[in-house]
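> One structure coming up, written as structure tokens, with questions to follow.
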Amino acid sequence: MDIQFVGEHLLPGKIGQFFIVLSFSTALLSGISYYFAAVKDTLDNSWQRIARIAFWLNTLAVVGIGSSLFYIIYNHLFEYHYAWAHSSKSLPVYYIISSFWEGQEGSFWLWMFWQAVLCNFLVRRAKSWENPVMATIMLSQTFLASMLLGVEIVGTRVGSSPFILLRDAIEGPIFSRPDYLSLIDDGNGLNPLLQNYWMVIHPPTLFLGFASMVVPFAYAVAGLWQKRYQDWIKPALPWALFAVMILGTGIIMGSFWAYEALNFGGFWAWDPVENASIIPWITLIAGVHVIIAYRSSGHSYFTATFLVLISFVLVLYASFLTRSGILGETSVHAFTDLGMFWHLVIYILVFLALAAALLVVRWKELPITKKDEETYSREFWLFIGALVLTVACVQIIATTSIPVFNSIFKTKIAPPAEVVQHYNKWQVPFAIVIVLISGFSQYLKYKNTNPKKFFSSVLVAVVVAVVVTAGAVYVTKVYSNLIFILLTFAAVFSIIANSRILFDAFKGKWKLAGSAIAHIGFGLILIGALVAAATNKVISINNTGAIPVADFEKAEKPGENLMLYQNEPVQLDKYSVTYLSDTTIGPNTFYKVNYRALDKETGKVTEDFNLYPNAQQNPKMGLVASPDTKHYLTYDIYTHTTAAPQIEQKHEEHEGHSEEENYEKPVKYQVSPGDTVKTRDGVIVVKSINRDAKIENISLAKDDVAVGMLLEIIQNGQKYTTEPVFLLKGGNKFDFGKNIDKAGLRLRFSDVLPEKNKLELMVYQKPPAPKKWIVMKAIKFPFINLFWGGTIIMVIGFLLSIFRRNKEYKAA
């Protein structure tokens with residue numbers, strides 16, 4: 001007999017699932033129709049009309065999926081597994097938005113949505129390229145939609161639907177009850193590490209970058225497919241620049257998130273998920289530069305095409321790495337496996353096969369220049385730079401893919417133990433070569449350059465760069481680190497060389513400004529990252545080398561952490577640091593830490609500010625801490641908690657708990673009226689005896705005796721009065737104690753001692769409140785603003801380049 005479940009809202013899920021099926025079918029229909037529109041040599045555009053209608057329905061379906069899912073999450077419909085697994089009632093609206101794409105299904109939808117948005121621009125602007133370009137993109141849209149189907153075909157599940165019900169997703173006796181929803185008070189909530197404003201904007205930006213990577217890929221496929229080998233370059237270049245700009249921005253936003261929300265004390269950790277996103281970005285940057293070289297010289301067509309094609313394939317490979325579960329043991333923020341391992345593999349193989357097949361079939365027809373590039377030509381060094389970038393990517397891919405190799409070949413290769421040092425050892429030399437090329441290539445012309453003039457121009461920039469680098473090394477005091485010095489020199493040289501181009505732009509050559517500004521921004525990013533990484537120092541030095549917290553040394557270095565007790569200042573670098581208070585909001589406790597600096601001569605306060613690092617005791621993850629940072633123009637003070645006490649749960653009075661269990665062992669006193677008893681924080685004065693005491697809800701017989709002891713408690717300048725009662729009833733002794741909660745006392749009139757003419761008073765005192773404490777770590781990051789400022793400048797450079805290339809395409 002079927003159970004009729006109470007309180008379920010099934011309509012939103014049914015509507016959402018309908019839109020998923022509609023999105024898959026319309027994407028497939030649109031892709032097929034665009035294919036026939038591209039191959040049919042006819043003036044009849046009926047296939048194109050069908051393709052467009054199907055695409056517009058696909059856009060509607062994608063919006064419908066998102067609207068249905070957001071309705072479910074926003075209204076806390078926990079009968080749906082996705083809402084229960086990724087959200088909770090305590091989340092503010094902006095974190096509910098984050099929970100939308102915390103899961104794989106939501107992030108696949110986000111990717112679909114951005115592809116649909118970009119395609120709406122292409123339908124209006126692609127002109128003669130619409131049919132072949134849209135055919136390729138709609139094939140990608142079909143694959144993405146299939147990831148959300150969540151249906152079984154011949155015993156194999158295809159995709160994972162975000163609209164699956166909780167009772168269908170997990171098993172448990174709770175679901176045998178028709179009213180199981182009454183037992184589910186709240187959802188699982190959002191991962192505490194994702195509860196940061198950067199995670200509201202970082203994933204949408206990153207997925208817009210992923211989605212935009214398919215557009216230059218589709219143009220390259222269309223050019224090979226229709227034998228328009230040179231024509232696709234112009235319309236594809238603005239899209240390639242757009243993809244590089246957006247994906248790069250998304251990656252840097254991830255660095256912001258890591259810096260402001262994660263507690264590893266930095267902005268890049270060479271985590272496999274970070275690597276997976278940066279690999280296609282680097283290859284497309286290489287592709288953009290080779291495209292520009294080809295447009296100006298006719299050289300390196302195959303290299304340009306290959307890099308554009310492989311960049312999107314690497315996006316798919318990145319998706320496989322992060323979603324297949326294969327990185328589960330090597331990455332802190334990869335998705336778990338939802339059973340889509342082979343689904344993702346097929347997605348990669350289809351697009352890899354498409355690109356490879358077209359290159360092989362068209363190989364003999366590709367426009368290849370037989371004459372080699374001149375050594376003193378810009379195109380030659382742009383090609384060399386692209387080659388270096390590609391080799392750098394190969395190294396990143398090789399190390400990141402160790403779990404993949406182990407899975408395929410059944411090997412047991414261990415990933416590098418010191419990940420950051422391993423990658424830096426390889427990537428810093430590559431970076432030095434790249435920025436040097438981005439600098440001196442500005443002094444080269446396409447096709448050929450006068451060597452004498454080239455060297456005379458470069459020499460001036462080299463001398464200036466040497467002087468600036470010497471000054472930077474002196475300021476940062478990193479004299480013995482040769483790699484640091486070389487990379488600083490290379491970045492400074494690149495900035496100086498590109499500043500020369502920028503100066504020419506101010507004289508009227510504005511079309512040169514975009515690339516120069518982007519290169520300057522990139523140079524500043526390198527210098528900022530390098531200086532911050534090489535010269536940051538822990539300022540929370542603990543000279544005792546010990547932290548009195550159990551097993552603290554297993555997770556942190558005690559010598560780099562300070563124990564702060566509430567209202568007890570501790571010296572930290574030039575600051576007096578005091579833990580003042582804490583406030584709990586939802587699951588997070590915010591610790592108010594005051595920094596104060598004094599002038600040594602006058603004693604006047606020169607700096608005074610508060611930071612609010614927060615932490616929560618997560619049942620699954622332990623202590624999850626997020627830092628807070630004080631930003632200055634030339635450095636940051638970065639502070640986060642590394643240990644904090646558990647939040648005590650108050651015991652309610654109920655069966656099994658005594659009123660006196662929260663007090664110290666009582667002390668008995670023999671007293672008379674007028675006596676005084678000392679307590680830890682004050683005194684108790686026995687004022688008098690009340691021989692006619694009354695006890696609520698107890699009637700007294702003729703021979704019963706009830707006596708009250710009138711007491712006055714004086715503590716911390718406050719006075720309290722109370723009257724515990726002693727009862728003799730039916731020959732048995734009883735007493736009724738009184739609590740004075742504000743004084744932390746419980747008082748019992750426990751006996752009458754007639755032979756001594758005394759009364760027995762039992763005094764219970766609550767133990768003194770333990771000192772509140774936290775353990776914190778503080779790091780000083782010098783010149784970190786060069787990193788963030790360089791990012792903004794680089795994005796501005798990309799924008800200017802996009803406008804320039806788009807204008808050229810329109811003119812053509």
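Chain lettering (A, B, ...) mirrors the order of the structure tokens, residue numbering begins at 1 for each chain separately, and ligand numbering begins at 1 in order of display.
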Going by DSSP on the backbone, which bits of region 121-275 of chain A are alpha helix (DSSP H)? Write them as a PyMOL selection string, please.
chain A and resi 121-125+130-146+166-169+198-212+214-225+233-261+272-275
> Go through A:Ala778, A:Ala546, A:Trp788, A:Ser212 and flag the residue nearest Gln571 (chain A), using only C-alpha atoms for the distances.
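The closest residue to Gln571 (chain A) is A:Ala778.
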> I'd like to know which of A:Val577, A:Leu29, A:Ile326, A:Ile413 is closest to Leu611 (chain A), using only C-alpha atoms.
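Looking at the shortest contact to Leu611 (chain A), the residue is A:Val577.
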> Ranking A:Ala261, A:Ile246, A:Ser67, A:Pro216 by minimum distance to Val288 (chain A) and counting only C-alpha atoms, which one comes first?
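Checking each candidate against Val288 (chain A), we get A:Pro216 as the closest.
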> Taking the chain letters and numbering used in this document, name the residues of region 599-812 of chain A that DSSP puts in strand (DSSP E or B), as a PyMOL selection string.
chain A and resi 605-611+614-618+622-626+628-631+635-643+667-671+676-678+682-690+705-715+718-722+725-729+732-736+738-740+745-753+758-765+773-782
> What is the CA of Ile585 (chain A)-CA of Phe256 (chain A) distance in Å, reported with one decimal?
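These atoms are spaced 23.4 Å apart.
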> Show which residues sit within 7 Å of Asp704 (chain A), as number ranges by chain. Count only C-alpha atoms, and ignore same-chain residues fewer than 4 positions away.
A: 700, 728-730
> May I have the residues within 12 Å of Glu152 (chain A) as a PyMOL selection string, using only C-alpha atoms and disregarding those fewer than 6 positions away in the same chain?
chain A and resi 146+158-161+339
> Using only C-alpha atoms, determine which residues lie at most 12 Å from region 352-357 of chain A, disregarding the query and same-chain residues fewer than 2 positions distant; provide the list as a PyMOL selection string.
chain A and resi 136+139-140+217-225+302+305-317+345-350+359-363
> Determine, counting only C-alpha atoms, which protein, DNA and RNA residues have an atom within 12 Å of an atom of Arg177 (chain A); residues of the same chain fewer than 5 positions away are not included. Present the result as a ChimeraX atom specification.
/A:2-7,167,172,182-183
> With all heavy atoms retained, could you export that selection as a short mmCIF file (atom, residue, chain, number, x, y, z; two decimals), in the first residue's frame?

```
data_model
loop_
_atom_site.label_atom_id
_atom_site.label_comp_id
_atom_site.auth_asym_id
_atom_site.auth_seq_id
_atom_site.Cartn_x
_atom_site.Cartn_y
_atom_site.Cartn_z
N ASP A 2 0.60 2.17 -0.91
CA ASP A 2 1.39 3.41 -0.99
C ASP A 2 1.10 4.31 0.19
O ASP A 2 -0.05 4.46 0.63
CB ASP A 2 1.07 4.15 -2.29
CG ASP A 2 1.58 3.40 -3.51
OD1 ASP A 2 2.53 2.61 -3.33
OD2 ASP A 2 1.02 3.59 -4.60
N ILE A 3 2.16 4.93 0.71
CA ILE A 3 2.01 5.87 1.82
C ILE A 3 1.62 7.24 1.26
O ILE A 3 2.22 7.73 0.31
CB ILE A 3 3.32 5.98 2.62
CG1 ILE A 3 3.73 4.62 3.18
CG2 ILE A 3 3.19 7.00 3.75
CD1 ILE A 3 5.08 4.62 3.88
N GLN A 4 0.64 7.86 1.86
CA GLN A 4 0.25 9.21 1.49
C GLN A 4 0.98 10.18 2.41
O GLN A 4 0.61 10.36 3.57
CB GLN A 4 -1.28 9.38 1.62
CG GLN A 4 -2.09 8.48 0.69
CD GLN A 4 -1.81 8.79 -0.77
OE1 GLN A 4 -1.77 9.95 -1.18
NE2 GLN A 4 -1.63 7.74 -1.56
N PHE A 5 2.03 10.80 1.91
CA PHE A 5 2.86 11.66 2.74
C PHE A 5 2.18 13.01 2.97
O PHE A 5 1.56 13.57 2.05
CB PHE A 5 4.23 11.84 2.11
CG PHE A 5 5.03 10.57 2.05
CD1 PHE A 5 5.13 9.84 0.88
CD2 PHE A 5 5.66 10.09 3.19
CE1 PHE A 5 5.85 8.67 0.83
CE2 PHE A 5 6.39 8.91 3.15
CZ PHE A 5 6.48 8.20 1.97
N VAL A 6 2.34 13.51 4.18
CA VAL A 6 1.67 14.74 4.60
C VAL A 6 2.61 15.93 4.45
O VAL A 6 3.76 15.87 4.87
CB VAL A 6 1.20 14.62 6.07
CG1 VAL A 6 0.52 15.92 6.51
CG2 VAL A 6 0.27 13.44 6.24
N GLY A 7 2.13 17.02 3.85
CA GLY A 7 2.86 18.28 3.84
C GLY A 7 3.84 18.46 2.71
O GLY A 7 4.52 19.49 2.63
N ARG A 167 13.18 11.54 0.42
CA ARG A 167 12.87 10.14 0.72
C ARG A 167 13.31 9.20 -0.39
O ARG A 167 13.43 7.99 -0.18
CB ARG A 167 11.38 9.97 1.01
CG ARG A 167 10.45 10.49 -0.06
CD ARG A 167 9.01 10.33 0.40
NE ARG A 167 8.07 11.10 -0.39
CZ ARG A 167 7.49 10.67 -1.51
NH1 ARG A 167 7.80 9.46 -1.99
NH2 ARG A 167 6.63 11.43 -2.16
N GLY A 172 15.89 5.50 5.31
CA GLY A 172 15.78 5.65 6.75
C GLY A 172 14.39 5.32 7.23
O GLY A 172 13.41 5.50 6.49
N SER A 182 7.36 16.47 9.62
CA SER A 182 7.24 17.11 10.94
C SER A 182 8.46 16.84 11.81
O SER A 182 8.68 17.52 12.81
CB SER A 182 5.97 16.61 11.64
OG SER A 182 6.07 15.21 11.92
N LEU A 183 9.25 15.83 11.44
CA LEU A 183 10.44 15.49 12.20
C LEU A 183 11.70 16.17 11.65
O LEU A 183 12.77 16.04 12.23
CB LEU A 183 10.65 13.97 12.18
CG LEU A 183 9.46 13.12 12.68
CD1 LEU A 183 9.79 11.64 12.55
CD2 LEU A 183 9.13 13.47 14.13
#
```
> Fewer than 5 positions away in the same chain doesn't count, so skip those; otherwise give me all residues within 12 Å of region 499-508 of chain A, counting only C-alpha atoms, as a list in words.
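The residues that qualify are Ser438, Gly439, Phe440, Ser441, Gln442, Tyr443, Leu444, Ser457, Val458, Val460, Ala461, Val492, Phe493, Ser494, Ala513, Gly514, Ser515, Ala516, Ile517, Ala518, His519, Ile520, Gly521, Gly523, Gly797 and Leu800 of chain A.
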